[in-house]
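This report refers to the structure that appears directly beneath it.
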Amino acid sequence: MSSVDDVFHRPDYAKDMAKQLLRPTAFQTNIRSGVFLSGIRRIGKTTFLKQDLIPALEAEGALVLYIDLWSDRSLTPSALVHKAVQQALEKFNTPSSSLLERFKGLNMGAAGISFGFQIDSVGSREGTSLAQAISELIDKTGINVVLIVDEIQQALVTDDGNNLLHALKAARDAVNAKPGDHGYFLFLGTGSHKSLVTDMATRRSQPFMGAMTTTYNPLSEDFVAWKIAQLQASPDVILPSLEVAFSGFQTMGNRPEELLKALVQLQSTTISADQAFPIICATLASAAADSELHALDQFGQLGEALFTRIASGPAEGVSRLYGAESLEFFSKRVNANVEAPQVQNLVEKMIAANLITRSGHGLYVVADPFVREVWLGKQVLLAI
């Protein structure tokens, strides 16, 4: 792991994911239907995508288009995707471009590739569809095209976003359903809202119904060891042991930024590092959880009761939220009669707020396990 560029790299994870996307086994071919990768915010997903996965895919000969739907709020999701596709097509069409140089081993002439459509018309109402543009690109180059859309759940917010998803499905079908050996169109949608991201691949109303869903693997002890080794080069630095540092990292939800904050605060300690660090981490975790839980205030007493019911249940999820036992629990908490439709309505609103998520059919969990742990710890203190 080189610290030259101050980035912790995960080459094995990236190579494995790239291999599954580009060369799936007979048991993994549903990957070509699309992949939806979810993970809570601020745990390093975007850094991994840009610094590790994209280079790994390019090393395998793929053309990668990356779009972050939060990168420019002034543009619609479809405009962002169309712009990225047009820019790639322009490079293939431009003599001696860097992209042509990269793929020169595929018998592409230095003069560029001519397409049977106007590039600037891609995605326009009367112009060329994404399906036609991507299909022709792959037909003429034989390469795999991987489209990565970060914060994909934003596509569900507007009609434009939903139309984009249908257009991407059409492109997938136009390319991947062709017989014989050819390049493929691979779609990877990533997001921090687990329920919405999962719904995009599991709900019948969604165009990517049947696509693969997976969870981002958070950073682990090797990242903490790398960060400590990086800081050890500084003179007079105060550092905890690796065991204590990793435990604190987990307390803070495996968030790199929070780890650095904790290590900075540790430099002011007057007690031993291994004594001070868990206290610092617990304090930062509590503050971060409070920020996440601020959204709970809008749902009142019943929302707090519902959150408590779910957070206090099994890690795999709580069921029967609309059953008699749950309704009795809610009614006692709010000192009023609570009926199933009220709870159902609130569940959907709290899912939309990314406070809770579906973990299975009829099962619900707190969306962020780190927030759940902090919440439960506070409930214990309140009960004392």
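Every chain in the structure tokens takes a letter, A first, then B, and so on in the order presented; its residues are numbered from 1, and the ligands are numbered from 1 following the presented order.
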
Q.
I need the residues of range 66-173 of chain A that end up classed as strand (DSSP E) by DSSP on the backbone, written out as a ChimeraX atom specification.
A. /A:66-68,145-150

Atoms to include: N, CA and C atoms. Write the selected residues as a JSON list (two decimals), in the first residue's frame.
[["chain", "number", "residue", "atom", "x", "y", "z"],
["A", 66, "TYR", "N", -17.97, 7.43, -15.71],
["A", 66, "TYR", "CA", -18.38, 7.64, -14.32],
["A", 66, "TYR", "C", -19.19, 8.93, -14.21],
["A", 67, "ILE", "N", -20.34, 8.83, -13.58],
["A", 67, "ILE", "CA", -21.21, 9.99, -13.37],
["A", 67, "ILE", "C", -21.67, 10.01, -11.92],
["A", 68, "ASP", "N", -21.54, 11.15, -11.27],
["A", 68, "ASP", "CA", -22.05, 11.34, -9.92],
["A", 68, "ASP", "C", -23.27, 12.24, -10.03],
["A", 145, "VAL", "N", -18.19, -1.63, -22.28],
["A", 145, "VAL", "CA", -18.45, -0.28, -21.77],
["A", 145, "VAL", "C", -19.10, -0.41, -20.40],
["A", 146, "VAL", "N", -18.47, 0.20, -19.40],
["A", 146, "VAL", "CA", -19.01, 0.15, -18.03],
["A", 146, "VAL", "C", -19.47, 1.55, -17.65],
["A", 147, "LEU", "N", -20.74, 1.68, -17.34],
["A", 147, "LEU", "CA", -21.29, 2.95, -16.89],
["A", 147, "LEU", "C", -21.51, 2.87, -15.38],
["A", 148, "ILE", "N", -20.82, 3.72, -14.64],
["A", 148, "ILE", "CA", -20.97, 3.77, -13.18],
["A", 148, "ILE", "C", -21.71, 5.05, -12.84],
["A", 149, "VAL", "N", -22.86, 4.91, -12.20],
["A", 149, "VAL", "CA", -23.64, 6.07, -11.78],
["A", 149, "VAL", "C", -23.68, 6.09, -10.26],
["A", 150, "ASP", "N", -22.99, 7.08, -9.69],
["A", 150, "ASP", "CA", -22.92, 7.23, -8.23],
["A", 150, "ASP", "C", -24.14, 8.00, -7.74]]

Q | Residue neighbourhood range 271-287 of chain A, 8 Å, only C-alpha atoms, exclusion window fewer than 6 positions, as a ChimeraX atom specification | A | /A:238-241,244-245,247-249,251-253,258-259,262-263,265,374

Q: Write out as number ranges by chain each polymer residue whose atoms come within 10 Å of Glu292 in chain A, counting only C-alpha atoms; drop sequence neighbours fewer than 2 positions from it.
A: A: 286-290, 294-296, 354-355, 368, 371

Q: Assign secondary structure with DSSP using the backbone only, and return the residues of range 145-340 of chain A in alpha helix (DSSP H) as a count of residues only.
A: 104

Q) Separation of CA of Gly300 in chain A and CA of Glu348 in chain A, in Å? A) 14.9 Å
